[in-house]
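Undergrad: Sharing run.cif here; it has mmCIF, C-alpha atoms.
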data_protein
#
loop_
_atom_site.label_atom_id
_atom_site.label_comp_id
_atom_site.auth_asym_id
_atom_site.auth_seq_id
_atom_site.Cartn_x
_atom_site.Cartn_y
_atom_site.Cartn_z
CA MET V 209 3.59 2.81 15.52
CA LEU V 210 6.12 1.47 17.99
CA LYS V 211 4.40 -1.88 17.83
CA LEU V 212 4.66 -1.86 14.03
CA TYR V 213 8.41 -1.12 14.23
CA PHE V 214 8.84 -3.94 16.69
CA LEU V 215 6.90 -6.37 14.46
CA LEU V 216 9.00 -5.36 11.44
CA PHE V 217 12.19 -5.90 13.42
CA TYR V 218 10.97 -9.26 14.68
CA GLU V 219 9.78 -10.57 11.30
CA PHE V 220 12.91 -9.48 9.43
CA ASN V 221 15.15 -10.99 12.08
CA LYS V 222 13.29 -14.22 11.49
CA ILE V 223 13.95 -13.93 7.74
CA GLY V 224 17.64 -13.34 8.42
CA LEU V 225 17.76 -16.38 10.65
CA PHE V 226 15.76 -18.78 8.49
CA ALA V 227 16.19 -17.76 4.85
CA VAL V 228 18.79 -20.19 3.54
CA GLY V 229 20.23 -19.88 0.04
CA GLY V 230 20.50 -16.23 -0.87
CA GLY V 231 18.18 -13.36 -1.73
CA TYR V 232 15.47 -15.39 -3.46
CA ALA V 233 15.11 -17.54 -0.36
CA THR V 234 13.63 -14.51 1.41
CA ILE V 235 10.68 -14.39 -1.02
CA PRO V 236 8.56 -17.08 0.68
CA PHE V 237 9.00 -15.25 4.01
CA LEU V 238 7.87 -11.97 2.47
CA PHE V 239 4.74 -13.69 1.15
CA TYR V 240 4.15 -15.11 4.59
CA ILE V 241 4.38 -11.61 6.08
CA GLN V 242 2.00 -10.35 3.39
CA GLN V 243 -0.54 -13.00 4.33
CA LYS V 244 -0.17 -12.48 8.06
CA TYR V 245 -0.18 -8.68 8.31
CA GLN V 246 -1.33 -7.33 4.91
CA TRP V 247 1.13 -4.44 5.16
CA PHE V 248 1.26 -4.52 1.35
CA SER V 249 -0.58 -6.36 -1.43
CA VAL V 250 0.54 -9.44 -3.37
CA ASP V 251 0.88 -7.28 -6.51
CA GLU V 252 3.03 -4.76 -4.64
CA LEU V 253 5.20 -7.59 -3.40
CA THR V 254 5.66 -9.00 -6.90
CA ASP V 255 6.55 -5.52 -8.16
CA MET V 256 9.09 -5.26 -5.34
CA ILE V 257 10.76 -8.45 -6.50
CA ALA V 258 11.04 -7.00 -10.01
CA VAL V 259 12.37 -3.65 -8.78
CA SER V 260 14.91 -5.43 -6.56
CA ASN V 261 16.21 -7.26 -9.60
CA LEU V 262 16.42 -4.04 -11.61
CA THR V 263 18.39 -2.04 -9.07
CA PRO V 264 21.98 -2.63 -7.95
CA GLY V 265 22.66 -4.26 -4.62
CA PRO V 266 21.91 -7.65 -3.11
CA VAL V 267 18.34 -8.62 -4.04
CA GLY V 268 17.55 -9.68 -0.47
CA ILE V 269 18.59 -6.30 0.91
CA ASN V 270 16.64 -4.49 -1.79
CA MET V 271 13.48 -6.40 -0.99
CA ALA V 272 13.86 -5.83 2.74
CA THR V 273 14.35 -2.09 2.27
CA TYR V 274 11.40 -1.81 -0.11
CA THR V 275 9.09 -3.87 2.10
CA GLY V 276 10.06 -1.86 5.18
CA PHE V 277 9.51 1.40 3.32
CA LYS V 278 6.06 0.31 2.08
CA THR V 279 5.11 -0.74 5.60
CA ALA V 280 6.43 2.13 7.74
CA GLY V 281 8.26 4.70 5.61
CA PHE V 282 11.92 5.60 6.03
CA THR V 283 12.18 4.33 9.62
CA GLY V 284 10.58 1.08 8.49
CA ALA V 285 13.16 0.74 5.71
CA VAL V 286 16.03 1.24 8.18
CA ILE V 287 14.58 -1.26 10.66
CA SER V 288 13.85 -4.02 8.15
CA THR V 289 17.25 -3.65 6.43
CA LEU V 290 19.18 -3.76 9.72
CA ALA V 291 17.05 -6.60 11.06
CA ILE V 292 17.53 -8.86 8.05
CA VAL V 293 21.36 -8.66 8.25
CA LEU V 294 21.78 -8.65 12.03
CA ILE V 295 21.73 -12.35 12.91
CA PRO V 296 23.59 -13.56 9.77
CA PHE V 297 26.19 -10.81 10.44
CA ILE V 298 26.91 -12.15 13.92
CA MET V 299 26.90 -15.76 12.71
CA THR V 300 29.25 -14.92 9.85
CA ILE V 301 31.77 -13.26 12.15
CA ILE V 302 31.77 -16.20 14.53
CA LEU V 303 32.10 -18.73 11.72
CA THR V 304 34.82 -16.76 9.92
CA LYS V 305 36.79 -17.00 13.16
CA LEU V 306 36.25 -20.74 13.30
CA ILE V 307 36.43 -21.42 9.57
CA THR V 308 39.01 -24.18 9.69
CA LYS V 309 37.06 -26.13 12.28
CA PHE V 310 33.82 -25.48 10.47
CA LYS V 311 34.97 -26.67 7.04
CA ASN V 312 34.97 -30.33 7.94
CA ASN V 313 31.99 -30.43 10.22
CA SER V 314 29.77 -33.19 8.85
CA CYS V 315 26.97 -32.34 11.26
CA VAL V 316 26.58 -28.90 9.74
CA ASN V 317 26.71 -30.44 6.28
CA CYS V 318 23.95 -32.92 7.04
CA ILE V 319 21.66 -30.22 8.40
CA PHE V 320 22.10 -28.32 5.15
CA MET V 321 21.26 -31.47 3.26
CA GLY V 322 17.76 -30.91 4.68
CA LEU V 323 17.67 -27.12 4.54
CA ARG V 324 18.42 -26.79 0.84
CA PRO V 325 15.54 -28.95 -0.44
CA ALA V 326 13.26 -27.17 2.07
CA SER V 327 14.33 -23.77 0.81
CA CYS V 328 13.77 -24.95 -2.76
CA ALA V 329 10.29 -26.26 -1.92
CA LEU V 330 9.38 -22.96 -0.21
CA LEU V 331 10.25 -21.01 -3.33
CA ALA V 332 8.54 -23.55 -5.60
CA SER V 333 5.27 -23.14 -3.72
CA ILE V 334 5.42 -19.36 -4.19
CA GLY V 335 6.14 -19.85 -7.91
CA ILE V 336 3.14 -22.17 -8.27
CA THR V 337 0.83 -19.87 -6.29
CA LEU V 338 1.84 -16.77 -8.27
CA PHE V 339 1.58 -18.63 -11.56
CA TYR V 340 -1.89 -19.80 -10.64
CA GLU V 341 -3.04 -16.32 -9.61
CA ALA V 342 -1.67 -14.63 -12.74
CA ILE V 343 -2.68 -17.17 -15.35
CA VAL V 344 -5.95 -18.44 -13.85
CA PRO V 345 -7.47 -15.27 -12.40
CA GLY V 346 -10.97 -15.04 -10.93
CA GLU V 347 -13.18 -17.96 -10.11
CA PHE V 348 -16.48 -17.21 -11.80
CA SER V 349 -18.99 -19.45 -10.08
CA GLY V 350 -16.47 -22.24 -9.90
CA VAL V 351 -15.50 -22.00 -13.57
CA TYR V 352 -11.85 -21.12 -13.92
CA SER V 353 -10.89 -18.77 -16.69
CA LEU V 354 -7.48 -18.93 -18.31
CA ASP V 355 -5.74 -15.65 -19.02
CA ILE V 356 -4.47 -16.69 -22.44
CA LYS V 357 -2.49 -13.49 -23.09
CA MET V 358 -0.58 -13.91 -19.84
CA PHE V 359 -0.05 -17.60 -20.47
CA VAL V 360 1.41 -16.85 -23.92
CA LEU V 361 3.65 -14.20 -22.37
CA PHE V 362 4.76 -16.73 -19.77
CA LEU V 363 5.74 -19.23 -22.47
CA LEU V 364 7.48 -16.52 -24.50
CA LEU V 365 9.54 -15.58 -21.47
CA ILE V 366 10.41 -19.01 -20.14
CA ILE V 367 11.21 -20.87 -23.36
CA PRO V 368 14.26 -18.77 -24.38
CA LEU V 369 15.62 -19.09 -20.84
CA SER V 370 15.84 -22.84 -21.28
CA PHE V 371 18.27 -22.35 -24.17
CA PHE V 372 20.20 -19.17 -23.47
CA ASN V 373 22.02 -17.62 -20.60
CA LYS V 374 19.66 -16.14 -18.08
CA ASN V 375 19.72 -12.48 -17.38
CA PRO V 376 17.06 -11.22 -14.96
CA LEU V 377 17.22 -7.71 -16.41
CA LEU V 378 16.38 -8.95 -19.92
CA THR V 379 13.54 -11.11 -18.63
CA ILE V 380 12.03 -8.17 -16.76
CA ALA V 381 12.44 -5.81 -19.73
CA ALA V 382 10.83 -8.38 -22.04
CA GLY V 383 7.95 -8.81 -19.57
CA ALA V 384 7.37 -5.05 -19.47
CA ILE V 385 7.31 -4.79 -23.27
CA GLY V 386 5.05 -7.85 -23.43
CA GLY V 387 2.64 -6.38 -20.89
CA ILE V 388 2.33 -3.13 -22.84
CA ALA V 389 2.10 -4.83 -26.24
CA PHE V 390 -0.50 -7.39 -25.16
CA ASP V 391 -2.74 -4.65 -23.82
CA MET V 392 -3.05 -3.19 -27.33
CA PHE V 393 -4.65 -6.31 -28.79
CA MET W 1015 47.94 -0.92 0.99
CA ASN W 1016 45.84 1.49 3.02
CA LYS W 1017 43.46 -0.51 5.16
CA SER W 1018 41.58 2.31 6.90
CA LEU W 1019 37.96 1.64 7.76
CA PHE W 1020 36.90 4.33 5.32
CA GLU W 1021 38.90 2.67 2.55
CA ILE W 1022 37.23 -0.69 3.32
CA PHE W 1023 33.83 0.97 3.32
CA LYS W 1024 34.61 2.73 0.04
CA VAL W 1025 35.71 -0.43 -1.78
CA PHE W 1026 32.65 -2.35 -0.67
CA PHE W 1027 30.42 0.58 -1.55
CA ILE W 1028 31.86 0.50 -5.09
CA ILE W 1029 31.23 -3.26 -5.22
CA GLY W 1030 27.69 -2.70 -3.91
CA ILE W 1031 26.87 -0.32 -6.74
CA GLN W 1032 27.94 -2.92 -9.28
CA LEU W 1033 25.96 -5.81 -7.77
CA LEU W 1034 23.16 -6.62 -10.16
CA GLY W 1035 21.25 -9.86 -9.94
CA GLY W 1036 21.89 -12.61 -7.45
CA GLY W 1037 24.28 -12.57 -4.54
CA TYR W 1038 26.85 -14.74 -6.33
CA VAL W 1039 27.83 -11.80 -8.55
CA ILE W 1040 29.82 -10.55 -5.58
CA VAL W 1041 32.44 -13.31 -5.94
CA PRO W 1042 34.07 -12.08 -9.19
CA LEU W 1043 33.86 -8.49 -7.87
CA LEU W 1044 35.66 -9.44 -4.64
CA LYS W 1045 38.24 -11.30 -6.69
CA LYS W 1046 38.93 -8.14 -8.70
CA TYR W 1047 38.85 -5.47 -5.97
CA ILE W 1048 39.95 -7.31 -2.84
CA VAL W 1049 42.14 -10.20 -4.00
CA ASP W 1050 43.81 -8.94 -7.20
CA GLU W 1051 43.98 -5.16 -6.80
CA ARG W 1052 44.54 -4.89 -3.05
CA GLN W 1053 45.74 -8.32 -1.91
CA TRP W 1054 43.63 -8.00 1.24
CA MET W 1055 42.89 -11.71 1.10
CA SER W 1056 43.89 -14.77 -0.92
CA ASP W 1057 42.02 -16.67 -3.64
CA GLU W 1058 41.76 -19.62 -1.30
CA GLU W 1059 40.15 -17.52 1.43
CA LEU W 1060 37.62 -16.20 -1.06
CA VAL W 1061 36.64 -19.75 -2.03
CA ASP W 1062 36.42 -20.73 1.66
CA PHE W 1063 34.24 -17.73 2.50
CA TYR W 1064 32.03 -18.46 -0.46
CA ALA W 1065 31.56 -22.10 0.52
CA MET W 1066 31.02 -21.22 4.16
CA ASN W 1067 28.45 -18.56 3.43
CA GLN W 1068 26.26 -20.95 1.52
CA CYS W 1069 25.78 -22.61 4.88
CA ILE W 1070 24.80 -19.45 6.73
CA PRO W 1071 21.29 -18.09 6.50
CA GLY W 1072 20.76 -14.58 5.23
CA ILE W 1073 21.76 -12.53 2.24
CA ILE W 1074 24.79 -14.23 0.66
CA ALA W 1075 26.42 -11.06 -0.69
CA ALA W 1076 26.17 -9.32 2.69
CA ASN W 1077 27.54 -12.41 4.44
CA ILE W 1078 30.53 -12.77 2.13
CA ALA W 1079 31.26 -9.05 2.52
CA THR W 1080 31.12 -9.51 6.30
CA SER W 1081 33.60 -12.41 6.12
CA ALA W 1082 35.96 -10.45 3.89
CA GLY W 1083 35.72 -7.34 6.07
CA TYR W 1084 36.41 -9.41 9.17
CA ARG W 1085 39.44 -10.95 7.50
CA ILE W 1086 40.77 -7.47 6.66
CA ARG W 1087 40.19 -5.68 9.97
CA LYS W 1088 38.24 -7.84 12.41
CA VAL W 1089 34.81 -6.72 13.68
CA ARG W 1090 35.19 -3.08 12.67
CA GLY W 1091 36.25 -4.13 9.19
CA ALA W 1092 33.22 -6.41 9.00
CA ILE W 1093 30.89 -3.55 9.95
CA ALA W 1094 32.51 -1.23 7.37
CA ALA W 1095 32.25 -3.87 4.63
CA ALA W 1096 28.65 -4.81 5.43
CA LEU W 1097 27.59 -1.16 5.49
CA GLY W 1098 29.40 -0.57 2.21
CA ILE W 1099 27.47 -3.37 0.53
CA ILE W 1100 24.10 -2.44 2.05
CA LEU W 1101 24.00 1.35 1.70
CA PRO W 1102 23.95 1.67 -2.12
CA ALA W 1103 21.13 -0.88 -2.30
CA PHE W 1104 19.29 0.89 0.49
CA PHE W 1105 19.35 4.38 -1.02
CA ILE W 1106 18.70 3.31 -4.60
CA ILE W 1107 15.66 1.32 -3.48
CA LEU W 1108 14.31 4.25 -1.45
CA LEU W 1109 14.66 6.48 -4.50
CA PHE W 1110 12.91 3.89 -6.62
CA ALA W 1111 10.11 3.41 -4.09
CA VAL W 1112 9.40 7.15 -4.09
CA LEU W 1113 9.54 7.32 -7.90
CA MET W 1114 7.29 4.29 -8.23
CA THR W 1115 4.44 5.87 -6.30
CA GLY W 1116 4.62 8.81 -8.69
CA ILE W 1117 4.60 6.92 -11.97
CA SER W 1118 2.31 4.02 -11.08
CA GLU W 1119 -0.74 6.13 -11.97
CA TYR W 1120 -0.03 5.86 -15.69
CA LYS W 1121 -1.78 3.13 -17.65
CA ILE W 1122 1.36 2.21 -19.58
CA VAL W 1123 3.29 1.65 -16.34
CA GLN W 1124 0.49 -0.53 -15.00
CA ASP W 1125 0.51 -2.60 -18.20
CA ALA W 1126 4.29 -2.93 -18.03
CA PHE W 1127 4.07 -4.18 -14.45
CA LYS W 1128 1.37 -6.66 -15.40
CA GLY W 1129 3.91 -8.19 -17.79
CA ILE W 1130 6.73 -7.82 -15.29
CA ARG W 1131 4.77 -9.90 -12.78
CA ILE W 1132 4.94 -12.74 -15.29
CA SER W 1133 8.71 -12.13 -15.57
CA VAL W 1134 9.00 -12.50 -11.80
CA ILE W 1135 7.20 -15.84 -11.94
CA VAL W 1136 9.62 -16.96 -14.64
CA LEU W 1137 12.62 -15.81 -12.57
CA ILE W 1138 11.32 -17.69 -9.54
CA ILE W 1139 10.80 -20.87 -11.56
CA ILE W 1140 14.31 -20.62 -13.03
CA THR W 1141 15.75 -20.15 -9.54
CA VAL W 1142 13.82 -23.18 -8.29
CA LYS W 1143 15.28 -25.17 -11.19
CA ASP W 1144 18.84 -24.10 -10.26
CA LEU W 1145 18.30 -24.82 -6.55
CA TRP W 1146 16.74 -28.16 -7.43
CA LYS W 1147 19.81 -29.22 -9.39
CA LYS W 1148 22.08 -28.34 -6.47
CA SER W 1149 19.98 -29.66 -3.62
CA VAL W 1150 17.42 -32.28 -4.58
CA ASN W 1151 19.60 -35.25 -5.46
CA SER W 1152 18.94 -38.03 -2.97
CA PHE W 1153 15.96 -40.11 -1.90
CA PHE W 1154 15.74 -38.12 1.31
CA SER W 1155 15.76 -34.77 -0.46
CA TYR W 1156 13.11 -35.86 -3.00
CA VAL W 1157 10.75 -36.97 -0.24
CA LEU W 1158 11.43 -33.83 1.81
CA PHE W 1159 10.88 -31.55 -1.18
CA PHE W 1160 7.53 -33.03 -2.18
CA VAL W 1161 6.20 -33.39 1.36
CA ILE W 1162 7.02 -29.72 2.08
CA LEU W 1163 5.63 -28.53 -1.24
CA THR W 1164 2.35 -30.37 -0.69
CA ALA W 1165 2.08 -29.07 2.87
CA LEU W 1166 2.72 -25.50 1.69
CA LEU W 1167 0.16 -25.64 -1.09
CA LEU W 1168 -2.52 -27.06 1.18
CA SER W 1169 -1.97 -24.98 4.31
CA ASP W 1170 -0.62 -21.66 5.63
CA ILE W 1171 2.28 -23.20 7.53
CA SER W 1172 5.04 -20.74 8.46
CA PRO W 1173 8.30 -20.92 6.46
CA SER W 1174 10.34 -20.64 9.68
CA LEU W 1175 8.64 -23.74 11.01
CA ILE W 1176 9.42 -25.61 7.77
CA ILE W 1177 13.11 -24.69 8.04
CA ILE W 1178 13.36 -25.77 11.70
CA ALA W 1179 11.55 -29.04 11.00
CA SER W 1180 13.74 -29.83 7.97
CA ALA W 1181 16.94 -29.18 9.91
CA LEU W 1182 15.79 -31.55 12.65
CA LEU W 1183 14.65 -34.19 10.15
CA ALA W 1184 17.96 -34.05 8.29
CA LEU W 1185 19.88 -34.38 11.54
CA LEU W 1186 17.75 -37.31 12.62
CA TYR W 1187 18.01 -38.99 9.21
CA SER W 1188 21.80 -38.79 9.09
CA LYS W 1189 22.09 -40.05 12.67
CA LEU W 1190 19.94 -43.06 11.76
CA ARG W 1191 21.93 -43.80 8.63
CA GLY W 1192 25.22 -43.55 10.48
CA PRO W 1193 28.11 -41.15 10.06
CA ASP W 1194 29.50 -42.81 6.91
CA ASN W 1195 26.64 -41.69 4.73
CA ALA W 1196 26.05 -38.27 6.22
#
Show me the file's structure as structure tokens.

TA:
Amino acid sequence: MLKLYFLLFYEFNKIGLFAVGGGYATIPFLFYIQQKYQWFSVDELTDMIAVSNLTPGPVGINMATYTGFKTAGFTGAVISTLAIVLIPFIMTIILTKLITKFKNNSCVNCIFMGLRPASCALLASIGITLFYEAIVPGEFSGVYSLDIKMFVLFLLLIIPLSFFNKNPLLTIAAGAIGGIAFDMF
Amino acid sequence: MNKSLFEIFKVFFIIGIQLLGGGYVIVPLLKKYIVDERQWMSDEELVDFYAMNQCIPGIIAANIATSAGYRIRKVRGAIAAALGIILPAFFIILLFAVLMTGISEYKIVQDAFKGIRISVIVLIIITVKDLWKKSVNSFFSYVLFFVILTALLLSDISPSLIIIASALLALLYSKLRGPDNA
């Protein structure tokens, strides 16, 4: 158990250190943890992302708490939540102290010129993988089947978002209704 | 205005309860509670903290709260603010996690979550689109994006490794191009 706590602390410190660009940037790291340790399933992880969007609080914190809880109960939740904020907390304090010097530091800017596209690509790969697993499930003797219902739901959800203001709560609510309704056909 | 640690914690706790969606939602909330109602920091500081925290890894809302708390009462203020932001999220999620295990037996809940998984994919794609607009806008960033994406889809490379490698590549690239174009 102690080893599990240590691993949780270590992995979530890594997320805190390397996830650049807000709560969603932690998603690829959570999938990496899923693959490496199998503390929870891919479906559970996707549900966690939805729940984190539904509940108040920073999405990144929500996901860390939920993942920690699923892995090692209450203690796990405390460890993962503390671990994910620890390193950024220290960095933030140092940089707030130095903010005037930091503002015009081109070296920091150029590093972020590389980090932002990387963060974007990390999230894109998760989006593609999840899309593939949900819409093209099961490989029956090499023949891929398309889950038409889920594909239609996907289009129904994404098309309005291209025209209107996005609201994660609405998208999740619509997905839930869609999931229930499509099961009746 | 009363700047006791408990007061700082309380204000950030109230902000934490109202945070729904992405970390950026915290900016208008800080403007209302910290800048306008309490004058604990200025508009300009808020903008500075916001800009700075986009360049710090981690959860943006927690980072901005840390900056603001530090500005109000140094390290102890930062701890009070960060705890205030984190605790509502922490307890609500725990409650939800316990509830979820109870209700996930029902067929209707399972169906709903099957649809919700599609919603999550949509949310991720929309976020990628937003990030793309802000970050993939030069030859270097295009190449970096597609090389990383291909590598990720074809192998199990660790995200931490990708971040370290991209930071080094960006540093190297801007050194080669000279300081004018960095």

Undergrad: Identify all residues satisfying the PyMOL selection byres ((chain V and resi 325) around 6) in the given file; provide them as a list in words.

TA: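 When the PyMOL selection byres ((chain V and resi 325) around 6) is applied, the selected residues are Gly322, Leu323, Arg324, Ala326, Ser327 and Cys328 of chain V; Ser1149, Val1150, Ser1155 and Phe1159 of chain W.
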
Undergrad: Just how far from CA of Leu338 in chain V is CA of Leu212 in chain V, in Å to one decimal?

TA: 27.0 Å

Undergrad: Evaluate the PyMOL selection byres ((chain W and resi 1180) around 12) on the structure here and hand back the selected residues as a PyMOL selection string.

TA: (chain V and resi 226+228+318-330) or (chain W and resi 1154-1155+1157-1159+1161-1162+1173-1179+1181-1187)

Undergrad: Which residues are near range 262-272 of chain V? Cut-off 7 Å, all atoms listed in the file, ignore same chain within fewer than 2 positions. Put them as a PyMOL selection string.

TA: (chain V and resi 231-232+234+256-260+274-276+288-289+377) or (chain W and resi 1030-1037+1073+1075+1100+1102-1104+1106-1107)

Undergrad: Which residues match the PyMOL selection byres ((chain V and resi 237-248) around 9) in the file above, as JSON, numbers by chain?

TA: {"V": [219, 220, 222, 223, 226, 227, 233, 234, 235, 236, 249, 250, 251, 252, 253, 271, 272, 275, 278, 279, 280, 330, 334], "W": [1170, 1171, 1172, 1173, 1174]}

Undergrad: Please determine, counting all atoms listed in the file, which residue among V:Leu294, V:Leu225, V:Met209, V:Leu378 has the shortest atom-to-atom distance to chain W.

TA: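 Once distances to chain W are computed over all atoms listed in the file, the minimum belongs to V:Leu225.
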
Undergrad: Considering only C-alpha atoms, can you say which of V:Leu215, V:Asn261, V:Phe282, V:Phe339 comes closest to Asn375 in chain V?

TA: V:Asn261

Undergrad: Could you tell me how far CA of Arg1085 in chain W lies from CA of Lys305 in chain V, in Å and to one decimal?

TA: 8.7 Å

Undergrad: Any idea what's packed within 10 Å of Thr337 in chain V, counting all atoms listed in the file, ignoring anything in its chain fewer than 5 positions away? Could you give it as a PyMOL selection string?

TA: (chain V and resi 331-332+342) or (chain W and resi 1135+1166-1167)

Undergrad: I'd like the interatomic distance between CA of Glu1059 in chain W and CA of Ala1082 in chain W, to a tenth of an Å.

TA: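 Those two atoms sit 8.6 Å apart.
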
Undergrad: For a quick check of understanding, using all atoms listed in the file, which of V:Gly230, V:Phe297, V:Thr273, V:Tyr340 has the smallest distance to Ala1094 in chain W?

TA: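 The shortest atom-to-atom distance to Ala1094 in chain W comes from V:Phe297.
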
Undergrad: Only N, CA and C atoms, as a PDB file, in the first residue's frame: that is what I want for range 217-230 of chain V.

TA:
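Now in part12.pdb:
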ATOM      1  N   PHE V 217       1.937   9.641  -5.597  1.00  0.00           N
ATOM      2  CA  PHE V 217       2.584  10.915  -5.328  1.00  0.00           C
ATOM      3  C   PHE V 217       3.553  11.261  -6.455  1.00  0.00           C
ATOM      4  N   TYR V 218       4.335  10.282  -6.860  1.00  0.00           N
ATOM      5  CA  TYR V 218       5.338  10.486  -7.905  1.00  0.00           C
ATOM      6  C   TYR V 218       4.674  10.839  -9.235  1.00  0.00           C
ATOM      7  N   GLU V 219       3.665  10.070  -9.632  1.00  0.00           N
ATOM      8  CA  GLU V 219       3.040  10.296 -10.942  1.00  0.00           C
ATOM      9  C   GLU V 219       2.315  11.648 -10.994  1.00  0.00           C
ATOM     10  N   PHE V 220       1.651  12.008  -9.875  1.00  0.00           N
ATOM     11  CA  PHE V 220       0.909  13.270  -9.901  1.00  0.00           C
ATOM     12  C   PHE V 220       1.826  14.479  -9.756  1.00  0.00           C
ATOM     13  N   ASN V 221       2.978  14.301  -9.148  1.00  0.00           N
ATOM     14  CA  ASN V 221       3.975  15.363  -9.173  1.00  0.00           C
ATOM     15  C   ASN V 221       4.451  15.589 -10.592  1.00  0.00           C
ATOM     16  N   LYS V 222       4.615  14.494 -11.320  1.00  0.00           N
ATOM     17  CA  LYS V 222       5.048  14.599 -12.709  1.00  0.00           C
ATOM     18  C   LYS V 222       4.001  15.357 -13.523  1.00  0.00           C
ATOM     19  N   ILE V 223       2.717  15.068 -13.280  1.00  0.00           N
ATOM     20  CA  ILE V 223       1.661  15.785 -14.005  1.00  0.00           C
ATOM     21  C   ILE V 223       1.753  17.271 -13.686  1.00  0.00           C
ATOM     22  N   GLY V 224       1.902  17.594 -12.396  1.00  0.00           N
ATOM     23  CA  GLY V 224       1.992  18.995 -11.998  1.00  0.00           C
ATOM     24  C   GLY V 224       3.149  19.693 -12.683  1.00  0.00           C
ATOM     25  N   LEU V 225       4.236  18.980 -12.835  1.00  0.00           N
ATOM     26  CA  LEU V 225       5.438  19.576 -13.419  1.00  0.00           C
ATOM     27  C   LEU V 225       5.341  19.721 -14.935  1.00  0.00           C
ATOM     28  N   PHE V 226       4.682  18.757 -15.586  1.00  0.00           N
ATOM     29  CA  PHE V 226       4.737  18.723 -17.055  1.00  0.00           C
ATOM     30  C   PHE V 226       3.447  19.092 -17.775  1.00  0.00           C
ATOM     31  N   ALA V 227       2.316  19.126 -17.077  1.00  0.00           N
ATOM     32  CA  ALA V 227       1.072  19.462 -17.766  1.00  0.00           C
ATOM     33  C   ALA V 227       1.004  20.972 -17.977  1.00  0.00           C
ATOM     34  N   VAL V 228       1.134  21.399 -19.216  1.00  0.00           N
ATOM     35  CA  VAL V 228       1.167  22.821 -19.527  1.00  0.00           C
ATOM     36  C   VAL V 228      -0.120  23.206 -20.243  1.00  0.00           C
ATOM     37  N   GLY V 229      -0.849  24.185 -19.716  1.00  0.00           N
ATOM     38  CA  GLY V 229      -2.012  24.695 -20.438  1.00  0.00           C
ATOM     39  C   GLY V 229      -3.336  24.381 -19.784  1.00  0.00           C
ATOM     40  N   GLY V 230      -3.343  24.214 -18.474  1.00  0.00           N
ATOM     41  CA  GLY V 230      -4.614  24.083 -17.774  1.00  0.00           C
ATOM     42  C   GLY V 230      -5.079  22.654 -17.572  1.00  0.00           C
TER      43      GLY V 230
END
